[in-house]
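Engineer: Please find input33.cif (mmCIF, C-alpha atoms) on the next line:
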```
data_work
loop_
_atom_site.label_atom_id
_atom_site.label_comp_id
_atom_site.auth_asym_id
_atom_site.auth_seq_id
_atom_site.Cartn_x
_atom_site.Cartn_y
_atom_site.Cartn_z
CA MET A 857 0.00 0.00 0.00
CA ALA A 858 1.01 3.59 -0.64
CA ILE A 859 -0.36 6.18 1.77
CA VAL A 860 -0.26 9.78 0.53
CA GLY A 861 -0.34 12.89 2.68
CA PHE A 862 -0.22 16.61 1.98
CA ALA A 863 3.50 17.57 2.13
CA PRO A 864 4.52 18.87 -1.34
CA ASN A 865 8.13 17.69 -1.46
CA THR A 866 7.30 13.96 -1.66
CA ARG A 867 3.61 13.54 -2.46
CA HIS A 868 4.30 13.80 -6.21
CA LEU A 869 6.62 10.80 -5.94
CA ALA A 870 3.75 8.44 -5.16
CA PRO A 871 3.42 5.60 -7.73
CA TRP A 872 0.17 6.98 -9.11
CA ASN A 873 0.21 4.83 -12.28
CA ASN A 874 1.11 1.51 -10.69
CA PRO A 875 -2.02 -0.68 -10.68
CA ASP A 876 -0.34 -3.26 -8.42
CA ILE A 877 -0.17 -0.89 -5.46
CA ASP A 878 -3.15 -0.18 -3.23
CA PHE A 879 -3.65 3.45 -2.29
CA GLY A 880 -4.78 5.06 0.93
CA GLY A 881 -5.66 8.68 1.52
CA ILE A 882 -6.50 10.93 4.44
CA ASN A 883 -8.90 13.74 5.26
CA GLU A 884 -9.53 16.01 2.24
CA GLY A 885 -6.63 14.76 0.09
CA TYR A 886 -8.95 13.80 -2.80
CA SER A 887 -9.94 17.44 -3.32
CA PHE A 888 -6.51 18.66 -4.47
CA SER A 889 -5.22 18.69 -8.03
CA TRP A 890 -2.12 16.71 -7.05
CA TRP A 891 -4.26 13.71 -6.07
CA LYS A 892 -3.91 11.58 -9.21
CA GLN A 893 -5.22 8.18 -8.12
CA LYS A 894 -8.45 6.80 -9.53
CA ASP A 895 -10.95 5.46 -7.04
CA SER A 896 -10.53 1.94 -8.43
CA ASN A 897 -7.09 1.64 -6.83
CA VAL A 898 -8.03 3.31 -3.54
CA LYS A 899 -8.49 0.60 -0.94
CA ALA A 900 -8.91 2.67 2.22
CA TRP A 901 -9.52 6.23 3.36
CA PHE A 902 -8.91 7.63 6.81
CA GLN A 903 -10.80 10.42 8.54
CA LEU A 904 -10.05 9.82 12.18
CA HIS A 905 -10.98 13.21 13.62
CA LYS A 906 -14.09 13.81 15.66
CA ARG A 907 -17.35 14.38 13.79
CA GLU A 908 -17.62 18.05 14.78
CA SER A 909 -14.25 18.60 13.14
CA PHE A 910 -14.72 16.89 9.77
CA MET A 911 -18.36 18.01 9.31
CA ARG A 912 -17.73 21.71 9.88
CA PRO A 913 -18.84 23.91 6.95
CA ASP A 914 -15.82 26.22 7.23
CA ASN A 915 -13.31 23.46 6.42
CA HIS A 916 -10.37 25.39 4.92
CA ASN A 917 -9.23 22.48 2.72
CA ASP A 918 -12.62 21.56 1.28
CA SER A 919 -15.89 23.21 2.28
CA GLY A 920 -17.68 20.29 0.62
CA HIS A 921 -15.91 17.62 2.65
CA SER A 922 -19.06 16.62 4.51
CA LYS A 923 -20.90 16.13 1.18
CA TRP A 924 -18.07 13.94 -0.09
CA LEU A 925 -18.23 11.83 3.06
CA ARG A 926 -22.00 11.33 2.61
CA LYS A 927 -21.47 9.81 -0.84
CA LYS A 928 -21.18 6.05 -1.31
CA HIS A 929 -17.60 5.08 -2.18
CA ASN A 930 -16.03 1.85 -3.40
CA PHE A 931 -13.62 1.87 -0.46
CA PRO A 932 -14.08 2.03 3.31
CA ILE A 933 -13.62 5.31 5.15
CA PHE A 934 -12.14 4.49 8.53
CA MET A 935 -13.55 6.71 11.25
CA GLN A 936 -13.96 6.76 15.02
CA ASP A 937 -17.45 5.31 14.59
CA VAL A 938 -19.97 4.17 11.98
CA TYR A 939 -22.32 6.99 10.96
CA SER A 940 -25.66 6.33 9.32
CA ASP A 941 -25.30 9.36 7.03
CA ILE A 942 -21.81 8.29 5.89
CA PRO A 943 -22.50 5.04 4.00
CA SER A 944 -18.84 4.06 3.56
CA SER A 945 -17.89 4.68 7.19
CA VAL A 946 -16.16 1.82 9.00
CA ARG A 947 -15.15 1.91 12.63
CA PHE A 948 -11.37 2.09 12.98
CA PRO A 949 -10.12 -0.88 15.08
CA ILE A 950 -8.57 1.29 17.76
CA GLU A 951 -8.70 -1.41 20.44
CA ASP A 952 -6.75 -3.88 18.29
CA ILE A 953 -4.27 -1.17 17.35
CA VAL A 954 -3.60 -0.27 21.00
CA SER A 955 -3.49 -3.91 22.05
CA ASN A 956 -0.84 -4.76 19.46
CA TYR A 957 1.23 -1.57 19.35
CA GLY A 958 0.81 0.27 22.66
CA ARG A 959 -0.79 3.51 23.83
CA TYR A 960 1.46 6.11 22.19
CA TRP A 961 -0.44 7.77 19.30
CA ARG A 962 0.03 11.33 18.03
CA SER A 963 -1.13 11.32 14.40
CA THR A 964 -3.30 9.71 11.74
CA LEU A 965 -0.15 8.46 10.02
CA ALA A 966 0.91 6.50 13.10
CA TYR A 967 -2.49 4.82 13.20
CA ILE A 968 -2.32 3.97 9.49
CA ILE A 969 1.14 2.44 9.73
CA ALA A 970 0.01 0.09 12.50
CA TRP A 971 -3.31 -0.63 10.75
CA ALA A 972 -1.57 -1.55 7.49
CA GLN A 973 0.48 -4.23 9.19
CA LEU A 974 -2.44 -5.42 11.29
CA VAL A 975 -4.58 -6.10 8.18
CA GLY A 976 -1.78 -7.94 6.40
CA TYR A 977 0.19 -5.52 4.23
CA LYS A 978 3.86 -6.53 3.97
CA ARG A 979 5.06 -3.20 2.60
CA LEU A 980 3.91 0.37 3.16
CA GLU A 981 5.18 3.32 1.12
CA ILE A 982 4.79 6.73 2.73
CA TYR A 983 4.54 9.91 0.63
CA GLY A 984 3.62 13.45 1.56
CA PHE A 985 4.25 13.11 5.28
CA GLU A 986 7.07 15.26 6.67
CA MET A 987 5.90 16.56 10.06
CA ALA A 988 8.82 18.95 9.88
CA SER A 989 7.66 22.05 11.76
CA ASP A 990 8.66 22.44 15.40
CA SER A 991 5.27 23.80 16.42
CA GLU A 992 2.51 21.41 15.42
CA TYR A 993 4.40 18.34 14.32
CA TRP A 994 7.41 17.75 16.56
CA GLY A 995 5.55 15.23 18.72
CA GLN A 996 3.80 13.69 15.73
CA ARG A 997 7.04 13.09 13.86
CA ALA A 998 8.67 11.36 16.82
CA ASN A 999 5.62 9.15 17.26
CA ALA A 1000 5.48 8.24 13.56
CA CYS A 1001 9.16 7.26 13.58
CA TYR A 1002 8.57 5.21 16.73
CA ILE A 1003 5.68 3.29 15.13
CA ILE A 1004 7.74 2.78 11.96
CA GLY A 1005 10.37 1.16 14.14
CA LYS A 1006 7.74 -1.01 15.82
CA VAL A 1007 6.31 -2.38 12.57
CA LYS A 1008 9.75 -2.86 11.01
CA GLY A 1009 10.68 -4.87 14.08
CA LYS A 1010 7.62 -7.03 13.38
CA GLY A 1011 8.79 -7.65 9.82
CA MET A 1012 7.05 -4.98 7.76
CA ASP A 1013 8.89 -3.25 4.91
CA ILE A 1014 8.58 0.54 5.15
CA TYR A 1015 9.61 2.78 2.26
CA VAL A 1016 10.14 6.49 2.80
CA PRO A 1017 11.50 8.59 -0.12
CA PRO A 1018 15.11 9.75 0.41
CA LEU A 1019 13.95 13.37 0.27
CA SER A 1020 11.57 12.84 3.18
CA ARG A 1021 12.45 14.13 6.64
CA LEU A 1022 10.71 11.31 8.47
CA LEU A 1023 13.73 9.02 8.74
CA THR A 1024 16.55 11.37 7.84
CA GLY A 1025 18.77 13.79 9.69
CA ILE A 1026 22.33 14.85 10.31
CA ARG A 1027 24.32 11.93 11.63
CA TYR A 1028 25.29 12.62 15.21
CA ALA A 1029 29.07 13.16 15.63
CA TYR A 1030 29.81 12.18 12.00
CA ASP A 1031 28.44 14.87 9.71
CA ASN A 1032 29.65 17.75 11.88
CA ASN A 1033 30.99 18.39 15.37
CA LEU A 1034 28.46 21.07 16.26
CA VAL A 1035 26.96 18.87 18.95
CA GLY A 1036 30.32 18.59 20.72
CA LEU A 1037 30.93 22.32 20.37
CA ARG A 1038 27.46 23.07 21.72
CA GLN A 1039 28.10 20.83 24.72
CA ASP A 1040 31.39 22.64 25.40
CA LEU A 1041 29.61 26.00 25.22
CA GLU A 1042 26.90 24.78 27.59
CA THR A 1043 29.57 23.63 30.05
CA ASN A 1044 31.33 27.00 29.79
CA LEU A 1045 28.03 28.79 30.33
CA LYS A 1046 27.30 26.70 33.41
CA ASN A 1047 30.78 27.29 34.88
CA LEU A 1048 30.55 30.99 34.08
CA GLY A 1049 27.21 31.18 35.88
CA GLU A 1050 28.69 29.55 38.97
CA ASP A 1051 31.70 31.90 38.92
CA LYS A 1052 29.42 34.90 38.46
CA ASN A 1053 27.31 33.87 41.45
CA LYS A 1054 30.48 33.75 43.57
CA VAL A 1055 31.49 37.23 42.43
CA ILE A 1056 27.98 38.53 43.13
CA ALA A 1057 28.17 37.10 46.64
CA GLU A 1058 31.56 38.77 47.15
CA ALA A 1059 30.16 42.06 45.84
CA GLU A 1060 27.23 41.84 48.22
CA GLY A 1061 29.65 41.31 51.08
CA LEU A 1062 31.68 44.35 50.04
CA GLN A 1063 28.49 46.39 49.67
CA GLY A 1064 27.52 45.52 53.23
CA GLU A 1065 30.98 46.43 54.51
CA TYR A 1066 30.92 49.73 52.60
CA LEU A 1067 27.55 50.72 54.08
CA LEU A 1068 28.88 49.95 57.55
CA LEU A 1069 32.06 51.96 56.96
CA GLU A 1070 30.00 54.92 55.80
CA LYS A 1071 28.37 54.99 59.21
CA LEU A 1072 31.61 54.53 61.13
CA VAL A 1073 34.02 56.72 59.21
CA GLU A 1074 32.77 59.98 60.77
CA LYS A 1075 33.50 58.65 64.25
CA TYR A 1076 36.63 56.77 63.22
CA PRO A 1077 38.43 58.80 60.50
CA ASP A 1078 41.18 56.18 60.30
CA LEU A 1079 38.66 53.96 58.50
CA ALA A 1080 38.56 56.32 55.50
CA GLU A 1081 41.34 54.45 53.70
CA ARG A 1082 39.58 51.16 54.28
CA LYS A 1083 36.36 52.65 52.93
CA LYS A 1084 38.18 53.85 49.83
CA LYS A 1085 39.73 50.41 49.30
CA VAL A 1086 36.35 48.67 49.69
CA SER A 1087 34.79 51.14 47.25
CA GLU A 1088 37.47 50.37 44.64
CA ASP A 1089 37.09 46.63 45.18
CA LEU A 1090 33.32 46.95 44.84
CA LYS A 1091 33.67 48.82 41.55
CA GLY A 1092 36.03 46.10 40.34
CA LYS A 1093 33.50 43.42 41.23
CA ASP A 1094 30.76 45.34 39.43
CA ARG A 1095 32.93 45.60 36.31
CA LEU A 1096 33.70 41.89 36.50
CA ILE A 1097 30.01 41.03 36.86
CA HIS A 1098 29.28 43.20 33.85
CA LEU A 1099 31.97 41.46 31.79
CA MET A 1100 30.77 38.02 32.87
CA THR A 1101 27.20 38.95 31.92
CA GLY A 1102 28.39 40.01 28.48
CA ARG A 1103 30.39 36.82 28.07
CA ALA A 1104 27.37 34.73 29.06
CA GLN A 1105 25.27 36.56 26.48
CA GLY A 1106 27.93 35.87 23.85
CA ILE A 1107 28.00 32.15 24.67
CA THR A 1108 24.20 32.01 24.61
CA LYS A 1109 24.21 33.71 21.20
CA SER A 1110 26.77 31.20 19.93
CA ILE A 1111 24.55 28.32 21.06
CA GLN A 1112 21.61 29.93 19.26
CA MET A 1113 23.73 30.30 16.11
CA ILE A 1114 24.60 26.59 16.21
CA ASP A 1115 20.93 25.70 16.59
CA THR A 1116 20.02 28.06 13.74
CA PHE A 1117 22.73 26.61 11.53
CA GLU A 1118 21.37 23.11 12.03
CA ILE A 1119 17.87 24.32 11.16
CA LEU A 1120 19.13 26.13 8.05
CA GLU A 1121 21.16 23.09 7.05
CA GLN A 1122 18.03 20.97 7.19
CA GLU A 1123 16.01 23.64 5.38
CA SER A 1124 18.59 23.55 2.58
CA ILE A 1125 17.81 19.85 2.23
CA ASP A 1126 14.11 20.76 2.06
CA ASP A 1127 14.80 23.42 -0.58
CA TYR A 1128 16.64 20.85 -2.64
CA ALA A 1129 13.70 18.47 -2.22
CA ASP A 1130 11.22 21.12 -3.36
CA ALA A 1131 13.37 21.86 -6.38
#
```
Could you write out this structure as structure tokens?

Structural biologist:
Amino acid sequence: MAIVGFAPNTRHLAPWNNPDIDFGGINEGYSFSWWKQKDSNVKAWFQLHKRESFMRPDNHNDSGHSKWLRKKHNFPIFMQDVYSDIPSSVRFPIEDIVSNYGRYWRSTLAYIIAWAQLVGYKRLEIYGFEMASDSEYWGQRANACYIIGKVKGKGMDIYVPPLSRLLTGIRYAYDNNLVGLRQDLETNLKNLGEDKNKVIAEAEGLQGEYLLLEKLVEKYPDLAERKKKVSEDLKGKDRLIHLMTGRAQGITKSIQMIDTFEILEQESIDDYADA
């Protein structure tokens, strides 16, 4: 089976013209011009959201999605329940899925991967699923990769296009040493913070002594030199704290630059994929 999602960099790679491959789709995928598969080769559809979600009239992908669901199709539409007004609706076997693969589920794709093996498919090809953004998809991507590992461990063949981000990434410690550098910077930042706290404590002690000397110097003029020395030491501590603060900001900025570089490096891969 080939399951096709919405991500543009790999959805076009689906084997649209191969009659020997079953197709599966999700949500409103049929409504887009890039969906090339004829219904005769579609063997399953998945709309696993709650009814109030998929029946809403303001659906931004397809305002007519509810009408499409109410039509009779030649393939089952797997849903959370069977609905009398959706003639092709079939209840998704969530209990069997959880029983066989655990309780960790963050996306429709994860459900489909497990379902495909459960019903007997030996190979699943995944197109149009990237889950690349750090906002909505970071947890979904991790879960999908986890389920892929589970089904592969049970003997299923999973194909993900080389341009996909699902099972790709910079090889830790091999492709660059930014991780090691970042760890060194984090250690330096931690040590700097501890040293700064010590200097702050020393400065607070000097500040207390200076305030006391201010009260005593009128009665004991001989303490004027000591007051002057404490004042100079206090200014030195303040300068040192200022310098340490600036250094900490520089290290933090360097860590952010490393993180940004890794993001841009991956985005360059995405740009190549889109091209």

Engineer: Evaluated on this file, the PyMOL selection byres ((chain A and resi 1041) around 12) picks out some residues - which ones are they, written as a list in words?

Structural biologist: Leu1034, Val1035, Gly1036, Leu1037, Arg1038, Gln1039, Asp1040, Glu1042, Thr1043, Asn1044, Leu1045, Lys1046, Asn1047, Leu1048, Arg1103, Ala1104, Gln1105, Gly1106, Ile1107, Thr1108, Lys1109, Ser1110, Ile1111, Gln1112, Met1113 and Ile1114 of chain A

Engineer: Using all atoms listed in the file, list the residues that have an atom at most 12 Å from (-8.6, 4.1, 13.2), coordinates as in the file, as a count of residues only.

Structural biologist: 37

Engineer: As an exercise, work out the distance from atom CA of A:Val1007 to atom CA of A:Ser955 in Å and give it to one decimal place.

Structural biologist: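 Computing it gives 13.7 Å between the two atoms.
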
Engineer: Ranking A:Gln893, A:Glu884, A:Asp1094, A:Leu1067 by minimum distance to A:Ser919 and counting all atoms listed in the file, which one comes first?

Structural biologist: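 Once distances to A:Ser919 are computed over all atoms listed in the file, the minimum belongs to A:Glu884.
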
Engineer: Can you tell me which residues surround A:Glu986 at a distance of at most 7 Å, considering all atoms listed in the file, apart from same-chain residues fewer than 2 positions away, and format the answer as a PDB file with C-alpha atoms, keeping the file's coordinate frame?

Structural biologist:
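New file part.pdb:
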```
ATOM      1  CA  ALA A 863       3.500  17.570   2.130  1.00  0.00           C
ATOM      2  CA  GLY A 984       3.620  13.450   1.560  1.00  0.00           C
ATOM      3  CA  ALA A 988       8.820  18.950   9.880  1.00  0.00           C
ATOM      4  CA  SER A1020      11.570  12.840   3.180  1.00  0.00           C
ATOM      5  CA  ARG A1021      12.450  14.130   6.640  1.00  0.00           C
ATOM      6  CA  LEU A1022      10.710  11.310   8.470  1.00  0.00           C
TER       7      LEU A1022
END
```
